[in-house]
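File shown here: my_file-v6.pdb, holding PDB, C-alpha atoms and all ligand atoms.
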```pdb
MODEL        1
ATOM      1  CA  MET Y  27     -17.407 -45.877 -27.324
ATOM      2  CA  ASP Y  28     -14.159 -47.395 -26.069
ATOM      3  CA  HIS Y  29     -10.894 -45.532 -25.496
ATOM      4  CA  LEU Y  30      -9.441 -46.435 -28.881
ATOM      5  CA  GLN Y  31     -12.508 -45.126 -30.696
ATOM      6  CA  ARG Y  32     -12.490 -41.932 -28.631
ATOM      7  CA  SER Y  33      -8.788 -41.346 -29.276
ATOM      8  CA  ARG Y  34      -9.352 -41.790 -33.017
ATOM      9  CA  LEU Y  35     -11.582 -38.714 -32.948
ATOM     10  CA  ASN Y  36      -8.741 -36.550 -31.612
ATOM     11  CA  LEU Y  37      -6.756 -34.538 -34.112
ATOM     12  CA  LEU Y  38      -2.926 -34.512 -34.373
ATOM     13  CA  THR Y  39      -2.899 -38.312 -34.263
ATOM     14  CA  SER Y  40      -4.051 -40.979 -36.678
ATOM     15  CA  ASP Y  41      -3.422 -44.683 -37.189
ATOM     16  CA  LEU Y  42      -3.293 -44.265 -40.972
ATOM     17  CA  LEU Y  43       0.421 -43.494 -40.708
ATOM     18  CA  ASN Y  44       2.733 -46.500 -40.999
ATOM     19  CA  ARG Y  45       5.601 -45.271 -38.852
ATOM     20  CA  GLY Y  46       7.914 -47.999 -40.136
ATOM     21  CA  THR Y  47       9.800 -48.400 -36.872
ATOM     22  CA  LEU Y  48      11.809 -51.321 -38.272
ATOM     23  CA  VAL Y  49      12.711 -49.398 -41.438
ATOM     24  CA  ARG Y  50      14.518 -46.883 -39.205
ATOM     25  CA  LEU Y  51      17.079 -49.618 -38.552
ATOM     26  CA  GLU Y  52      17.778 -50.076 -42.298
ATOM     27  CA  PRO Y  53      19.991 -47.223 -43.606
ATOM     28  CA  GLU Y  54      19.903 -48.538 -47.190
ATOM     29  CA  THR Y  55      16.107 -48.679 -47.288
ATOM     30  CA  LEU Y  56      15.940 -45.181 -45.814
ATOM     31  CA  SER Y  57      18.378 -43.865 -48.448
ATOM     32  CA  GLN Y  58      16.259 -45.414 -51.193
ATOM     33  CA  ARG Y  59      13.137 -43.782 -49.772
ATOM     34  CA  VAL Y  60      14.827 -40.360 -49.530
ATOM     35  CA  MET Y  61      15.751 -40.613 -53.230
ATOM     36  CA  SER Y  62      12.363 -42.034 -54.267
ATOM     37  CA  ASP Y  63       9.857 -40.210 -56.475
ATOM     38  CA  ARG Y  64       7.353 -41.028 -53.746
ATOM     39  CA  ALA Y  65       9.258 -39.019 -51.108
ATOM     40  CA  ARG Y  66       7.783 -35.750 -49.819
ATOM     41  CA  PHE Y  67       9.503 -33.349 -47.431
ATOM     42  CA  ILE Y  68       8.057 -30.745 -45.073
ATOM     43  CA  GLY Y  69      10.381 -27.943 -43.964
ATOM     44  CA  ILE Y  70      10.331 -26.935 -40.278
ATOM     45  CA  HIS Y  71      11.967 -23.663 -39.342
ATOM     46  CA  ARG Y  72      12.003 -22.290 -35.797
ATOM     47  CA  MET Y  73       8.944 -24.394 -34.929
ATOM     48  CA  LYS Y  74       7.000 -23.185 -37.919
ATOM     49  CA  ILE Y  75       5.950 -25.213 -40.945
ATOM     50  CA  ALA Y  76       6.665 -24.404 -44.578
ATOM     51  CA  VAL Y  77       3.442 -23.632 -46.405
ATOM     52  CA  ASP Y  78       2.322 -23.827 -49.984
ATOM     53  CA  ASP Y  79       0.827 -20.493 -50.988
ATOM     54  CA  ASN Y  80      -1.493 -22.277 -53.393
ATOM     55  CA  ARG Y  81      -3.187 -24.221 -50.595
ATOM     56  CA  HIS Y  82      -4.328 -21.230 -48.493
ATOM     57  CA  PRO Y  83      -2.941 -22.142 -46.058
ATOM     58  CA  GLY Y  84      -1.581 -25.646 -46.381
ATOM     59  CA  PRO Y  85       1.695 -27.369 -45.688
ATOM     60  CA  ALA Y  86       4.181 -27.490 -48.561
ATOM     61  CA  TRP Y  87       5.009 -31.146 -49.138
ATOM     62  CA  LEU Y  88       7.888 -30.940 -51.600
ATOM     63  CA  THR Y  89       9.727 -33.480 -53.730
ATOM     64  CA  ARG Y  90      13.457 -33.822 -53.126
ATOM     65  CA  GLU Y  91      14.239 -31.602 -56.103
ATOM     66  CA  GLU Y  92      11.752 -28.962 -55.021
ATOM     67  CA  THR Y  93      13.176 -29.080 -51.486
ATOM     68  CA  ILE Y  94      16.733 -28.471 -52.727
ATOM     69  CA  SER Y  95      15.493 -25.704 -54.976
ATOM     70  CA  ARG Y  96      13.558 -23.957 -52.164
ATOM     71  CA  PHE Y  97      15.852 -24.536 -49.174
ATOM     72  CA  GLY Y  98      19.256 -25.202 -50.738
ATOM     73  CA  ASN Y  99      19.624 -28.744 -49.404
ATOM     74  CA  CYS Y 100      17.736 -31.860 -48.368
ATOM     75  CA  GLU Y 101      20.067 -33.230 -45.726
ATOM     76  CA  SER Y 102      18.694 -32.938 -42.177
ATOM     77  CA  TRP Y 103      15.710 -35.186 -42.673
ATOM     78  CA  ILE Y 104      13.689 -37.297 -40.261
ATOM     79  CA  TYR Y 105      11.730 -40.260 -41.578
ATOM     80  CA  LEU Y 106       8.102 -39.930 -40.460
ATOM     81  CA  GLY Y 107       6.682 -42.978 -42.207
ATOM     82  CA  GLU Y 108       4.533 -44.070 -45.121
ATOM     83  CA  GLN Y 109       1.005 -42.876 -45.766
ATOM     84  CA  ASN Y 110      -1.061 -43.215 -48.933
ATOM     85  CA  SER Y 111       1.928 -44.763 -50.754
ATOM     86  CA  THR Y 112       4.036 -41.677 -49.984
ATOM     87  CA  PHE Y 113       7.215 -41.600 -47.894
ATOM     88  CA  HIS Y 114       7.008 -38.591 -45.596
ATOM     89  CA  PHE Y 115      10.018 -36.760 -44.186
ATOM     90  CA  ALA Y 116      10.475 -33.750 -41.926
ATOM     91  CA  LEU Y 117      13.306 -31.435 -42.893
ATOM     92  CA  MET Y 118      14.999 -29.562 -40.043
ATOM     93  CA  LEU Y 119      15.973 -26.185 -41.461
ATOM     94  CA  GLU Y 120      18.796 -24.170 -39.959
ATOM     95  CA  ASP Y 121      17.817 -21.300 -37.690
ATOM     96  CA  SER Y 122      20.092 -19.126 -39.817
ATOM     97  CA  LEU Y 123      17.901 -19.607 -42.881
ATOM     98  CA  PRO Y 124      16.478 -16.212 -43.829
ATOM     99  CA  ARG Y 125      12.878 -16.501 -42.793
ATOM    100  CA  SER Y 126       9.921 -15.069 -44.529
ATOM    101  CA  ASP Y 127       7.005 -15.359 -42.142
ATOM    102  CA  ASP Y 128       4.728 -15.436 -45.162
ATOM    103  CA  HIS Y 129       5.970 -18.907 -45.971
ATOM    104  CA  PHE Y 130       6.038 -20.542 -42.508
ATOM    105  CA  VAL Y 131       3.005 -20.972 -40.263
ATOM    106  CA  GLY Y 132       2.620 -22.404 -36.739
ATOM    107  CA  LEU Y 133       0.972 -25.790 -36.364
ATOM    108  CA  ARG Y 134      -1.855 -24.463 -34.169
ATOM    109  CA  ALA Y 135      -3.001 -22.178 -36.967
ATOM    110  CA  LEU Y 136      -2.502 -24.756 -39.722
ATOM    111  CA  ALA Y 137      -4.186 -27.655 -37.943
ATOM    112  CA  PHE Y 138      -7.597 -25.956 -38.125
ATOM    113  CA  HIS Y 139      -7.596 -26.631 -41.845
ATOM    114  CA  LEU Y 140      -6.223 -30.181 -41.869
ATOM    115  CA  ASP Y 141      -7.631 -33.656 -41.453
ATOM    116  CA  ALA Y 142      -6.319 -36.074 -38.841
ATOM    117  CA  SER Y 143      -3.863 -37.815 -41.168
ATOM    118  CA  GLU Y 144      -2.081 -34.660 -42.316
ATOM    119  CA  SER Y 145      -2.142 -33.040 -38.878
ATOM    120  CA  THR Y 146      -0.564 -36.237 -37.516
ATOM    121  CA  LEU Y 147       2.424 -35.925 -39.833
ATOM    122  CA  LEU Y 148       2.962 -32.297 -38.870
ATOM    123  CA  ALA Y 149       2.562 -32.950 -35.144
ATOM    124  CA  PHE Y 150       5.073 -35.803 -35.400
ATOM    125  CA  ALA Y 151       7.486 -33.638 -37.415
ATOM    126  CA  GLN Y 152       7.217 -30.731 -35.004
ATOM    127  CA  ALA Y 153       7.671 -32.841 -31.858
ATOM    128  CA  LEU Y 154      10.771 -34.564 -33.253
ATOM    129  CA  THR Y 155      12.277 -31.327 -34.549
ATOM    130  CA  ALA Y 156      11.795 -29.691 -31.144
ATOM    131  CA  TRP Y 157      13.466 -32.675 -29.447
ATOM    132  CA  HIS Y 158      16.465 -32.562 -31.808
ATOM    133  CA  LYS Y 159      16.954 -28.859 -31.160
ATOM    134  CA  ARG Y 160      17.241 -29.482 -27.420
ATOM    135  CA  HIS Y 161      19.417 -32.606 -27.534
ATOM    136  CA  GLY Y 162      22.423 -31.639 -29.594
ATOM    137  CA  TYR Y 163      24.625 -32.446 -26.616
ATOM    138  CA  CYS Y 164      24.753 -35.517 -24.394
ATOM    139  CA  GLY Y 165      23.007 -34.949 -21.076
ATOM    140  CA  GLN Y 166      25.403 -37.453 -19.522
ATOM    141  CA  CYS Y 167      28.800 -35.986 -20.524
ATOM    142  CA  GLY Y 168      28.188 -32.858 -22.622
ATOM    143  CA  THR Y 169      29.690 -34.204 -25.877
ATOM    144  CA  PRO Y 170      27.818 -33.544 -29.167
ATOM    145  CA  THR Y 171      25.345 -36.261 -30.129
ATOM    146  CA  ILE Y 172      24.882 -37.836 -33.569
ATOM    147  CA  ILE Y 173      21.558 -38.472 -35.292
ATOM    148  CA  THR Y 174      20.791 -42.086 -36.178
ATOM    149  CA  GLN Y 175      17.877 -44.433 -36.945
ATOM    150  CA  GLY Y 176      16.200 -42.128 -39.438
ATOM    151  CA  GLY Y 177      16.179 -39.229 -36.986
ATOM    152  CA  HIS Y 178      14.566 -41.110 -34.086
ATOM    153  CA  VAL Y 179      17.652 -41.619 -31.913
ATOM    154  CA  ARG Y 180      20.701 -39.550 -30.967
ATOM    155  CA  VAL Y 181      23.892 -41.209 -29.736
ATOM    156  CA  CYS Y 182      26.688 -39.549 -27.789
ATOM    157  CA  SER Y 183      29.774 -39.283 -29.992
ATOM    158  CA  ALA Y 184      32.225 -39.792 -27.104
ATOM    159  CA  GLU Y 185      33.589 -43.357 -27.247
ATOM    160  CA  SER Y 186      33.868 -43.443 -23.471
ATOM    161  CA  CYS Y 187      30.155 -42.588 -23.126
ATOM    162  CA  GLY Y 188      28.032 -43.589 -26.144
ATOM    163  CA  THR Y 189      24.763 -42.914 -24.301
ATOM    164  CA  THR Y 190      21.673 -43.381 -26.464
ATOM    165  CA  HIS Y 191      19.030 -40.639 -26.325
ATOM    166  CA  TYR Y 192      15.411 -41.218 -27.349
ATOM    167  CA  PRO Y 193      12.714 -38.628 -28.138
ATOM    168  CA  ARG Y 194      10.908 -37.474 -25.029
ATOM    169  CA  THR Y 195       7.198 -37.335 -24.457
ATOM    170  CA  ASP Y 196       6.062 -35.532 -21.326
ATOM    171  CA  PRO Y 197       2.775 -36.813 -19.870
ATOM    172  CA  ALA Y 198       0.223 -34.252 -18.787
ATOM    173  CA  ILE Y 199      -3.349 -34.652 -17.547
ATOM    174  CA  ILE Y 200      -6.315 -32.660 -18.728
ATOM    175  CA  VAL Y 201      -9.627 -33.035 -16.978
ATOM    176  CA  LEU Y 202     -13.212 -31.931 -17.224
ATOM    177  CA  VAL Y 203     -14.585 -31.858 -13.664
ATOM    178  CA  GLU Y 204     -18.363 -32.001 -13.359
ATOM    179  CA  SER Y 205     -20.853 -31.646 -10.553
ATOM    180  CA  ASP Y 206     -24.647 -31.265 -10.590
ATOM    181  CA  ASP Y 207     -24.946 -30.338 -14.290
ATOM    182  CA  HIS Y 208     -22.070 -27.883 -13.976
ATOM    183  CA  ALA Y 209     -18.514 -28.209 -15.277
ATOM    184  CA  LEU Y 210     -15.408 -26.562 -13.879
ATOM    185  CA  PHE Y 211     -13.685 -24.066 -16.186
ATOM    186  CA  GLY Y 212     -10.533 -22.059 -15.676
ATOM    187  CA  ARG Y 213      -8.732 -19.366 -17.594
ATOM    188  CA  LYS Y 214      -5.081 -18.343 -17.725
ATOM    189  CA  PRO Y 215      -4.174 -14.664 -17.968
ATOM    190  CA  GLU Y 216      -2.310 -15.097 -21.273
ATOM    191  CA  TRP Y 217      -5.274 -16.650 -23.114
ATOM    192  CA  PRO Y 218      -7.482 -14.803 -25.613
ATOM    193  CA  LYS Y 219     -10.281 -12.784 -24.050
ATOM    194  CA  HIS Y 220     -13.195 -14.837 -22.640
ATOM    195  CA  ARG Y 221     -11.479 -18.191 -23.291
ATOM    196  CA  TYR Y 222     -12.247 -20.818 -20.666
ATOM    197  CA  SER Y 223     -10.989 -24.385 -20.670
ATOM    198  CA  THR Y 224     -10.518 -27.540 -18.647
ATOM    199  CA  ILE Y 225      -7.922 -27.995 -15.919
ATOM    200  CA  ALA Y 226      -4.525 -29.344 -17.017
ATOM    201  CA  GLY Y 227      -1.018 -29.896 -15.744
ATOM    202  CA  PHE Y 228       2.079 -32.071 -16.019
ATOM    203  CA  VAL Y 229       2.350 -35.431 -14.280
ATOM    204  CA  GLU Y 230       5.221 -35.270 -11.799
ATOM    205  CA  PRO Y 231       7.894 -37.966 -11.428
ATOM    206  CA  GLY Y 232       6.681 -40.680  -9.070
ATOM    207  CA  GLU Y 233       3.038 -39.759  -9.576
ATOM    208  CA  SER Y 234       0.204 -41.623 -11.294
ATOM    209  CA  ALA Y 235      -1.905 -39.790 -13.883
ATOM    210  CA  GLU Y 236      -4.951 -40.111 -11.596
ATOM    211  CA  GLN Y 237      -3.031 -38.610  -8.676
ATOM    212  CA  ALA Y 238      -2.028 -35.740 -10.951
ATOM    213  CA  VAL Y 239      -5.719 -35.162 -11.773
ATOM    214  CA  VAL Y 240      -6.570 -34.853  -8.083
ATOM    215  CA  ARG Y 241      -3.530 -32.685  -7.268
ATOM    216  CA  GLU Y 242      -3.831 -30.278 -10.217
ATOM    217  CA  VAL Y 243      -7.542 -29.648  -9.673
ATOM    218  CA  ALA Y 244      -6.957 -29.012  -5.954
ATOM    219  CA  GLU Y 245      -3.928 -26.761  -6.573
ATOM    220  CA  GLU Y 246      -5.636 -24.632  -9.181
ATOM    221  CA  THR Y 247      -9.197 -24.460  -7.821
ATOM    222  CA  ASN Y 248      -9.309 -26.020  -4.324
ATOM    223  CA  ILE Y 249     -11.906 -28.533  -5.599
ATOM    224  CA  ASN Y 250     -11.593 -32.111  -4.329
ATOM    225  CA  VAL Y 251     -12.011 -34.704  -7.077
ATOM    226  CA  LEU Y 252     -14.063 -37.711  -5.928
ATOM    227  CA  SER Y 253     -13.683 -39.962  -8.976
ATOM    228  CA  ALA Y 254     -11.893 -39.842 -12.323
ATOM    229  CA  HIS Y 255     -12.466 -41.774 -15.531
ATOM    230  CA  TYR Y 256     -10.021 -41.945 -18.413
ATOM    231  CA  HIS Y 257     -11.408 -40.504 -21.668
ATOM    232  CA  SER Y 258      -8.721 -40.541 -24.388
ATOM    233  CA  SER Y 259      -5.280 -39.148 -25.183
ATOM    234  CA  GLN Y 260      -3.746 -36.744 -27.678
ATOM    235  CA  PRO Y 261      -0.167 -35.822 -28.556
ATOM    236  CA  TRP Y 262       0.360 -32.103 -28.020
ATOM    237  CA  PRO Y 263       3.656 -31.147 -29.686
ATOM    238  CA  PHE Y 264       4.046 -27.704 -28.100
ATOM    239  CA  PRO Y 265       6.750 -28.868 -27.654
ATOM    240  CA  GLY Y 266       6.408 -32.483 -26.523
ATOM    241  CA  SER Y 267       3.436 -33.434 -24.355
ATOM    242  CA  LEU Y 268       1.043 -36.336 -24.348
ATOM    243  CA  MET Y 269      -2.295 -35.180 -22.953
ATOM    244  CA  LEU Y 270      -4.151 -37.818 -20.933
ATOM    245  CA  GLY Y 271      -7.796 -36.788 -20.875
ATOM    246  CA  TYR Y 272     -10.154 -37.478 -17.972
ATOM    247  CA  HIS Y 273     -13.705 -36.828 -16.914
ATOM    248  CA  ALA Y 274     -13.957 -36.401 -13.138
ATOM    249  CA  LYS Y 275     -16.647 -35.845 -10.560
ATOM    250  CA  ALA Y 276     -16.506 -33.527  -7.572
ATOM    251  CA  THR Y 277     -18.767 -31.809  -5.104
ATOM    252  CA  LYS Y 278     -19.679 -28.321  -6.257
ATOM    253  CA  THR Y 279     -17.945 -26.356  -3.533
ATOM    254  CA  GLN Y 280     -16.370 -22.916  -3.306
ATOM    255  CA  ILE Y 281     -13.493 -22.285  -5.745
ATOM    256  CA  SER Y 282     -10.214 -20.866  -4.495
ATOM    257  CA  LEU Y 283      -7.307 -20.121  -6.867
ATOM    258  CA  ASN Y 284      -4.665 -21.696  -4.640
ATOM    259  CA  ASP Y 285      -1.558 -21.574  -6.851
ATOM    260  CA  GLN Y 286      -2.579 -18.493  -8.875
ATOM    261  CA  GLU Y 287      -1.900 -20.336 -12.144
ATOM    262  CA  LEU Y 288      -5.428 -19.396 -13.214
ATOM    263  CA  GLU Y 289      -6.781 -15.867 -13.118
ATOM    264  CA  ASP Y 290     -10.349 -17.121 -12.882
ATOM    265  CA  ALA Y 291     -12.277 -20.370 -12.455
ATOM    266  CA  GLN Y 292     -16.015 -20.952 -12.497
ATOM    267  CA  TRP Y 293     -18.663 -23.653 -12.380
ATOM    268  CA  LEU Y 294     -20.803 -23.242 -15.508
ATOM    269  CA  SER Y 295     -23.966 -25.077 -16.509
ATOM    270  CA  ARG Y 296     -24.858 -25.793 -20.129
ATOM    271  CA  GLU Y 297     -27.477 -23.045 -20.004
ATOM    272  CA  GLU Y 298     -24.927 -20.547 -18.725
ATOM    273  CA  ILE Y 299     -22.526 -21.512 -21.515
ATOM    274  CA  ILE Y 300     -25.262 -21.022 -24.142
ATOM    275  CA  THR Y 301     -26.100 -17.600 -22.718
ATOM    276  CA  ARG Y 302     -22.466 -16.535 -22.618
ATOM    277  CA  LEU Y 303     -21.846 -17.824 -26.151
ATOM    278  CA  ASN Y 304     -24.732 -15.769 -27.454
ATOM    279  CA  GLN Y 305     -23.317 -12.724 -25.660
ATOM    280  CA  GLY Y 306     -19.803 -13.393 -26.998
ATOM    281  CA  LEU Y 307     -18.565 -13.959 -23.458
ATOM    282  CA  PHE Y 308     -17.431 -17.572 -23.752
ATOM    283  CA  VAL Y 309     -14.641 -18.748 -26.051
ATOM    284  CA  PRO Y 310     -13.907 -22.480 -25.866
ATOM    285  CA  PRO Y 311     -10.431 -23.965 -26.344
ATOM    286  CA  PRO Y 312      -9.370 -24.602 -29.976
ATOM    287  CA  LYS Y 313     -11.414 -27.321 -31.643
ATOM    288  CA  ILE Y 314      -8.225 -29.221 -32.510
ATOM    289  CA  SER Y 315      -7.566 -29.831 -28.793
ATOM    290  CA  ILE Y 316      -8.570 -32.669 -26.517
ATOM    291  CA  SER Y 317      -9.821 -30.038 -24.062
ATOM    292  CA  PHE Y 318     -12.476 -29.089 -26.605
ATOM    293  CA  ARG Y 319     -13.421 -32.743 -26.997
ATOM    294  CA  LEU Y 320     -13.745 -33.227 -23.239
ATOM    295  CA  ILE Y 321     -16.034 -30.203 -23.029
ATOM    296  CA  GLU Y 322     -17.979 -31.229 -26.135
ATOM    297  CA  ASP Y 323     -18.614 -34.774 -24.880
ATOM    298  CA  TRP Y 324     -19.828 -33.471 -21.510
ATOM    299  CA  PHE Y 325     -21.959 -30.725 -23.097
ATOM    300  CA  ASN Y 326     -23.613 -33.010 -25.645
ATOM    301  CA  GLN Y 327     -24.586 -35.592 -22.996
ATOM    302  CA  SER Y 328     -27.718 -33.603 -22.185
ATOM    303  CA  ALA Y 329     -27.885 -30.633 -24.521
ATOM    304  CA  THR Y 330     -30.711 -29.831 -26.908
ATOM    305  CA  ILE Y 331     -28.211 -28.622 -29.494
ATOM    306  CA  PRO Y 332     -24.687 -30.003 -30.055
ATOM    307  CA  LEU Y 333     -21.856 -27.685 -29.033
ATOM    308  CA  LYS Y 334     -20.284 -27.377 -32.502
ATOM    309  CA  LYS Y 335     -23.617 -26.428 -34.052
ATOM    310  CA  LEU Y 336     -24.156 -23.892 -31.291
ATOM    311  CA  LEU Y 337     -20.729 -22.391 -31.956
ATOM    312  CA  ARG Y 338     -21.422 -22.084 -35.670
ATOM    313  CA  GLN Y 339     -24.741 -20.385 -34.925
ATOM    314  CA  SER Y 340     -23.092 -17.956 -32.537
ATOM    315  CA  GLY Y 341     -20.656 -16.974 -35.285
ATOM    316  CA  ALA Y 342     -17.522 -18.600 -33.909
ATOM    317  CA  ALA Y 343     -15.729 -19.549 -37.119
ATOM    318  CA  ASP Y 344     -12.279 -20.728 -36.113
ATOM    319  CA  PHE Y 345     -12.636 -21.395 -32.448
TER     320      PHE Y 345
HETATM  321 ZN    ZN X 401      27.907 -38.732 -23.533
ENDMDL
END
```
Have the structure of the file written as structure tokens, please.
Ligand SMILES: [Zn+2]
Amino acid sequence: MDHLQRSRLNLLTSDLLNRGTLVRLEPETLSQRVMSDRARFIGIHRMKIAVDDNRHPGPAWLTREETISRFGNCESWIYLGEQNSTFHFALMLEDSLPRSDDHFVGLRALAFHLDASESTLLAFAQALTAWHKRHGYCGQCGTPTIITQGGHVRVCSAESCGTTHYPRTDPAIIVLVESDDHALFGRKPEWPKHRYSTIAGFVEPGESAEQAVVREVAEETNINVLSAHYHSSQPWPFPGSLMLGYHAKATKTQISLNDQELEDAQWLSREEIITRLNQGLFVPPPKISISFRLIEDWFNQSATIPLKKLLRQSGAADF
């Protein structure tokens, strides 16, 4: 399987969406699409997504009229693109909107129930909304910025400046380190009980992704990576990362939690994972994440039972 095929198996991204990057430069076409019967809007409020109570739970893709009826306006839209003959828009709702938590749900919870194409739209909408919230003012001169190009660019409103601001994506690495039939797992103190995952961290300025793999693994566990192979990538809009997934090899040496970012790290074999799963002592990362995929691909390489089947048998419903 090549990298493109592997990436296509990751959720929160899909190539079914026609992002229409050139359409963003055509205000008239965008206006027509906003007014079209084929337009659907998804409200985003304080990083939560409007849901349709009839879908249990599912995002509420509303027509323009329904949007105005539910939220009072349909003005702060971002064009996401065209999919299945529908024009999709994100609607940035004011923080001041009275919020009923019953009707807005976080993407992590929603994505469990969605296919790749719908989760892609929501991930895109959430990442752009988060960027807009943080870039209302020009980082160059402090003047308010103006939204343009269908919500994909902000321009400084000061004539003397006019700096153009583009949405940010922050690269991060995530790596499954293996050695002698064992994989390296870590856990952060804030995670749910018994959750263990792969090692991850942001790529620093002036650093290659591979160097970040070596540095992060050493900082968090004191393990020296000997080789690293790219696996696939996944957008992770919490709020704006791109996860670059790797499989790496290391010598199975003593773990030391150097930077204290993890509260525990362990080398676990497949057999140990099976035992812990059956005892309810191992919770993998969410199945929507690339970290789960990295673990799953390693586990299934020489397992008698695939990881997802094992999880279903052990009673893990929404893991
Ligand atoms: Zn400026």
List, as a VMD selection string, every residue that the PyMOL selection byres (((not hetatm)) within 12 of (chain X and resi 401)) selects in the file provided.
-> chain Y and resid 161 to 172 180 to 191
For region 138-154 of chain Y, please output as a compact mmCIF listing (two decimals) with C-alpha atoms, keeping the file's coordinate frame all residues within 8 Å (counting only C-alpha atoms; exclusion window: fewer than 4 positions along the same chain).
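Here's the written file around.txt:
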```txt
# COMPACT_ATOMS: atom_id res chain seq x y z
CA ASN Y 36 -8.74 -36.55 -31.61
CA LEU Y 37 -6.76 -34.54 -34.11
CA LEU Y 38 -2.93 -34.51 -34.37
CA THR Y 39 -2.90 -38.31 -34.26
CA SER Y 40 -4.05 -40.98 -36.68
CA ASP Y 41 -3.42 -44.68 -37.19
CA LEU Y 42 -3.29 -44.26 -40.97
CA LEU Y 43 0.42 -43.49 -40.71
CA ILE Y 70 10.33 -26.94 -40.28
CA MET Y 73 8.94 -24.39 -34.93
CA ILE Y 75 5.95 -25.21 -40.94
CA PRO Y 83 -2.94 -22.14 -46.06
CA GLY Y 84 -1.58 -25.65 -46.38
CA ILE Y 104 13.69 -37.30 -40.26
CA LEU Y 106 8.10 -39.93 -40.46
CA HIS Y 114 7.01 -38.59 -45.60
CA PHE Y 115 10.02 -36.76 -44.19
CA ALA Y 116 10.48 -33.75 -41.93
CA LEU Y 133 0.97 -25.79 -36.36
CA ARG Y 134 -1.86 -24.46 -34.17
CA HIS Y 158 16.46 -32.56 -31.81
CA HIS Y 178 14.57 -41.11 -34.09
CA PRO Y 193 12.71 -38.63 -28.14
CA PRO Y 261 -0.17 -35.82 -28.56
CA TRP Y 262 0.36 -32.10 -28.02
CA PRO Y 263 3.66 -31.15 -29.69
CA PHE Y 264 4.05 -27.70 -28.10
CA PRO Y 265 6.75 -28.87 -27.65
CA GLY Y 266 6.41 -32.48 -26.52
CA LYS Y 313 -11.41 -27.32 -31.64
CA ILE Y 314 -8.22 -29.22 -32.51
CA ASP Y 344 -12.28 -20.73 -36.11
```
Closest of Y:Leu202, Y:Gln31, Y:Glu101, Y:Leu288 to Glu245 (chain Y) - atom-to-atom distances counting all atoms listed in the file | Y:Leu288
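CA of Leu252 (chain Y) to CA of Asp206 (chain Y) spans 13.2 Å [interatomic distance, one decimal].
Between CA of Lys74 (chain Y) and CA of Arg50 (chain Y) there is a distance of 24.9 Å.
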Given the PyMOL selection byres (((chain Y and resi 253) around 9) and not hetatm), the residues it picks as a count of residues only = 9
Ground truth for the PyMOL selection byres (((chain Y and resi 67) around 12) and not hetatm), written as a PyMOL selection string = chain Y and resi 59-66+68-70+75-77+85-94+96-97+99-107+112-119+147-148+151
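Every protein or nucleic acid residue with an atom no more than 9 Å from Asn284 (chain Y), counting all atoms listed in the file and leaving out same-chain residues fewer than 5 positions away, appears here: Ala244, Glu245, Glu246, Thr247 and Asn248 of chain Y.
Atom pair CA of Ile321 (chain Y) / CA of Glu204 (chain Y): separated by 10.1 Å.
If you count all atoms listed in the file and ignore residues fewer than 2 places along the chain from Gly227 (chain Y), what sits within 8 Å of it is Ala198, Ile199, Ile200, Ile225, Val229, Ala238 and Glu242 of chain Y.
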Residues near Leu333 (chain Y), cut-off 12 Å, all atoms listed in the file, skip fewer than 2 positions along chain, as a ChimeraX atom specification | /Y:296-297,299-300,303,309-310,313,318-331,335-340,342,345
Preceding selection exported with C-alpha atoms as a PDB file, keeping the file's coordinate frame:
```
ATOM      1  CA  ARG Y 296     -24.858 -25.793 -20.129  1.00  0.00           C
ATOM      2  CA  GLU Y 297     -27.477 -23.045 -20.004  1.00  0.00           C
ATOM      3  CA  ILE Y 299     -22.526 -21.512 -21.515  1.00  0.00           C
ATOM      4  CA  ILE Y 300     -25.262 -21.022 -24.142  1.00  0.00           C
ATOM      5  CA  LEU Y 303     -21.846 -17.824 -26.151  1.00  0.00           C
ATOM      6  CA  VAL Y 309     -14.641 -18.748 -26.051  1.00  0.00           C
ATOM      7  CA  PRO Y 310     -13.907 -22.480 -25.866  1.00  0.00           C
ATOM      8  CA  LYS Y 313     -11.414 -27.321 -31.643  1.00  0.00           C
ATOM      9  CA  PHE Y 318     -12.476 -29.089 -26.605  1.00  0.00           C
ATOM     10  CA  ARG Y 319     -13.421 -32.743 -26.997  1.00  0.00           C
ATOM     11  CA  LEU Y 320     -13.745 -33.227 -23.239  1.00  0.00           C
ATOM     12  CA  ILE Y 321     -16.034 -30.203 -23.029  1.00  0.00           C
ATOM     13  CA  GLU Y 322     -17.979 -31.229 -26.135  1.00  0.00           C
ATOM     14  CA  ASP Y 323     -18.614 -34.774 -24.880  1.00  0.00           C
ATOM     15  CA  TRP Y 324     -19.828 -33.471 -21.510  1.00  0.00           C
ATOM     16  CA  PHE Y 325     -21.959 -30.725 -23.097  1.00  0.00           C
ATOM     17  CA  ASN Y 326     -23.613 -33.010 -25.645  1.00  0.00           C
ATOM     18  CA  GLN Y 327     -24.586 -35.592 -22.996  1.00  0.00           C
ATOM     19  CA  SER Y 328     -27.718 -33.603 -22.185  1.00  0.00           C
ATOM     20  CA  ALA Y 329     -27.885 -30.633 -24.521  1.00  0.00           C
ATOM     21  CA  THR Y 330     -30.711 -29.831 -26.908  1.00  0.00           C
ATOM     22  CA  ILE Y 331     -28.211 -28.622 -29.494  1.00  0.00           C
ATOM     23  CA  LYS Y 335     -23.617 -26.428 -34.052  1.00  0.00           C
ATOM     24  CA  LEU Y 336     -24.156 -23.892 -31.291  1.00  0.00           C
ATOM     25  CA  LEU Y 337     -20.729 -22.391 -31.956  1.00  0.00           C
ATOM     26  CA  ARG Y 338     -21.422 -22.084 -35.670  1.00  0.00           C
ATOM     27  CA  GLN Y 339     -24.741 -20.385 -34.925  1.00  0.00           C
ATOM     28  CA  SER Y 340     -23.092 -17.956 -32.537  1.00  0.00           C
ATOM     29  CA  ALA Y 342     -17.522 -18.600 -33.909  1.00  0.00           C
ATOM     30  CA  PHE Y 345     -12.636 -21.395 -32.448  1.00  0.00           C
TER      31      PHE Y 345
END
```
